[in-house]
Amino acid sequence: MNFFAAIGKRTCDAVSAAHDNLAFLGETTVCALDLLVRPRRFRLRDCALAFERAAFDALPITTGIGFLLGLILAFQSAAALQMFGVEVYVSDLLAIGLFRELGPLVTAIILAGRTGSAFAAEIGTMKVDEELDALTTMGLPPVRFLVLPRVVAAVLAMPVLTIFAELAGLVGGALVLRLMGVPTTVFWQHVTSVSGVFMISFGLAKGALFGGLVGLIGCGSGMRTQATADGVGVAATSAVVGGIVAIAVTDGLLAVLCYLWKL
Amino acid sequence: MSEKIIELEHVDAGYPGAVILHDVSFSVERGEIFILLGGSGCGKSTIMKHMIGLNPVLAGRLRVAGMEWTRRTRAELCRKIGVMYQSGALFGSMTCLENVMLPLEEFTRLGRKARRERAMELLGDVELADAAEKMPNEISGGMRKRVAIARAMALEPEIIFLDEPSAGLDPITSSALDGLILKLRAAKGTTFVVVTHELPSIFKIADRAAMFDKARRGMIALGRPQELKEGSEDEFVRKFFNRGETDGKS
């Protein structure tokens with residue numbers, strides 16, 4: 001294939017993918033609005049099961065990584081601040097960093113790697129096994145049946161996981177500062193003085209938004225799975241990559257908006 | 001007088017940009033067991049996907065129970081058909097009983113107890129009442145297909161489509177499945193459209209069959225299996241139907 005033909009093919013593929021993504025988003029929105037009118041049609045049991053897998057089963061890894069993140073951040077920043085004798089401000093840095101930025105961001109990346117890929121693999125396998133066709137011919141929209149419960153579960157799971165990751169991070173930071181001679185009570189005083197309700201809520205809301213993105217991208221990748229030998233693997237990979245890129249881009253945009261609106 | 005429940009008029013079957021079958025016309029009568037047959041890749045499953053509304057026809061007209069598949073008629077048509085896919089397509093996260101209960105839960109006003117009783121009755125019809133609480137991965141391929149038939153029967157549809165019901169099954173299980181189809185047709189008068197290329201099944205259950213050919217990209221024969229076997233002027237059709245007798249002979 002010559003150079004121009006390759007560019008043309010890639011462009012067509014990109015346009016087709018954008019069209020599919022837009023159609024999927026539209027269908028999901030319509031189904032979500034329909035559920036607002038007829039909430040009894042929501043698959044609560046499936047949502048609860050997806051929430052259990054996305055939130056409770058992920059607690060150990062999220063808490064563990066949050067703890068290590070706090071520990072590492074505290075060590076790295078304390079080394080620099082210690083030169084000026086202000087290592088106590090590590091607690092301020094940790095609280096602001098974790099609540100505003102790193103807590104939701106790192107948790108969302110874990111969710112993308114763990115839950116986003118699982119959503120894609122589950123739905124992808126169902127597609128290959130003709131289960132999606134079975135739903136369609138039964139008159140049950142796969143989006144209502146499979147996508148919405150998972151997306152809602154991801155949205156609800158993120159704030160829960162984020163809180164645990166943030167608290168674990170603070171415990172890690174407190175431990176480091178304790179080793180450096182800063183009393184734990186002083187650490188917590190600094191944390192509570194810099195972290196307000198708005199900051200914590202903003203971080204959790206951001207987490208919920210990231211959860212929605214991870215859920216949508218994971219389920220969307222699953223729905224587009226090709227019936228080939230590597231189809232499910234490709235879908236899972238695309239869910240993780242797409243999820244992380246979407247999180248990073250959204251986080252960047254939110255950072256710019258916060259700066260412009262002085263939040 | 002017999003009533004046409006499925007009608008295809010000059011249908012082009014396939015996917016956008018790829019016509020697999022060209023100018024296909026036939027009809028299926030109510031209560032009939034109609035077979036779509038042909039070699040691998042000839043388009044028999046593709047034409048079934050058009051009939052069950054998964055893909056729109058590329059050209060021509062297709063009516064199921066007097067209606068064309070449109071956004072408006074979809075919900076009503078979905079209630080009139082049941083489909084058993086090649087793999088069974090049972091939902092892996094649900095037990096066999098829950099799989100059969102699902103359409104009842106979504107489309108009827110039956111209470112939980114009544115739904116359960118009805119689903120157990122359906123599983124009894126396919127002789128799988130004792131597998132009700134098992135997960136799909138705990139039962140054999142033949143049992144999965146029987147559960148899928150029970151699920152397809154749940155809303156008492158007018159037409160049941162079966163995609164390669166014998167695929168991957170041993171001859172005894174396959175024959176039992178054929179017996180089940182005949183039993184259900186006799187009991188409920190349901191129309192069956194079956195995609196298969198298994199000659200023993202075809203001769204056992206079919207009222208009529210339509211045969212497709214990949215090379216000619218179209219329907220090449222329509223009629224009763226015995227007539228096709230004995231009276232077809234098409235060499236490919238004769239060869240297909242007589243392959244059992246010529247296999248192994250030089």
# chains A, B, ... in the order shown; residues from 1 in each chain; ligands from 1
>>> residues_around(residues="A:Ala235", least_positions_apart="6", cutoff="8 Å", atoms="only C-alpha atoms", output="JSON, numbers by chain")
{"A": [117, 120, 121, 124, 221, 222, 224, 225]}
>>> write_last_selection(atoms="C-alpha atoms", output="short mmCIF file (atom, residue, chain, number, x, y, z; two decimals), in the first residue's frame")
data_model
loop_
_atom_site.label_atom_id
_atom_site.label_comp_id
_atom_site.auth_asym_id
_atom_site.auth_seq_id
_atom_site.Cartn_x
_atom_site.Cartn_y
_atom_site.Cartn_z
CA SER A 117 -10.01 -3.93 30.97
CA ALA A 120 -13.97 -4.78 27.93
CA ALA A 121 -13.03 -8.45 28.28
CA GLY A 124 -16.06 -8.67 24.40
CA SER A 221 -14.18 -1.28 23.70
CA GLY A 222 -15.99 -4.48 24.65
CA ARG A 224 -16.59 -3.13 19.44
CA THR A 225 -14.73 -6.42 19.94
#
>>> residues_around(residues="A:Ala108", least_positions_apart="4", cutoff="8 Å", atoms="only C-alpha atoms", output="number ranges by chain")
A: 104, 112, 158, 207, 210-211, 214, 244, 247
>>> interface_residues(of="chain A", to="chain B", cutoff="6 Å", atoms="only C-alpha atoms", output="compact mmCIF listing (two decimals) with C-alpha atoms, in the first residue's frame")
# COMPACT_ATOMS: atom_id res chain seq x y z
CA ASP A 129 -20.26 -15.82 22.21
CA GLU A 130 -23.24 -14.11 20.51
CA GLU A 131 -24.72 -13.08 23.88
CA THR A 137 -33.08 -10.34 19.40
CA MET A 138 -34.82 -10.59 22.78
CA GLY A 139 -35.53 -6.86 22.47
>>> residues_around(residues="B:Pro165", least_positions_apart="6", cutoff="10 Å", atoms="only C-alpha atoms", output="count of residues only")
17
>>> atom_distance(atom1="atom CA of A:Pro142", atom2="atom CA of A:Asp20")
15.1 Å
>>> closest_residue(among="A:Gly243, A:Pro159, A:Glu52, A:Val128", to="A:Gln226", atoms="only C-alpha atoms")
A:Val128
>>> select_by_dssp(residues="stretch 6-211 of chain B", states="helix (DSSP H, G or I)", output="VMD selection string")
chain B and resid 44 to 51 74 to 80 96 to 107 112 to 125 129 to 131 136 to 138 141 to 153 171 to 188 199 to 205
>>> closest_residue(among="A:Val182, A:Gly172, A:Gly218, A:Ala239", to="A:Gly64", atoms="only C-alpha atoms")
A:Gly172
>>> residues_around(residues="stretch 58-63 of chain A", least_positions_apart="4", cutoff="12 Å", atoms="only C-alpha atoms", output="MDAnalysis selection string")
chainID A and resid 50:54 67:70 103:115 154 157:172
>>> select_by_dssp(residues="stretch 12-247 of chain B", states="strand (DSSP E)", output="ChimeraX atom specification")
/B:12-15,18-29,33-38,59-64,81-84,159-163,191-195,208-213,218-223
>>> atom_distance(atom1="atom CA of B:Arg71", atom2="atom CA of B:Thr191")
23.9 Å
>>> closest_residue(among="A:Val151, A:Arg41, A:Pro183, A:Leu263", to="A:Phe198", atoms="only C-alpha atoms")
A:Leu263
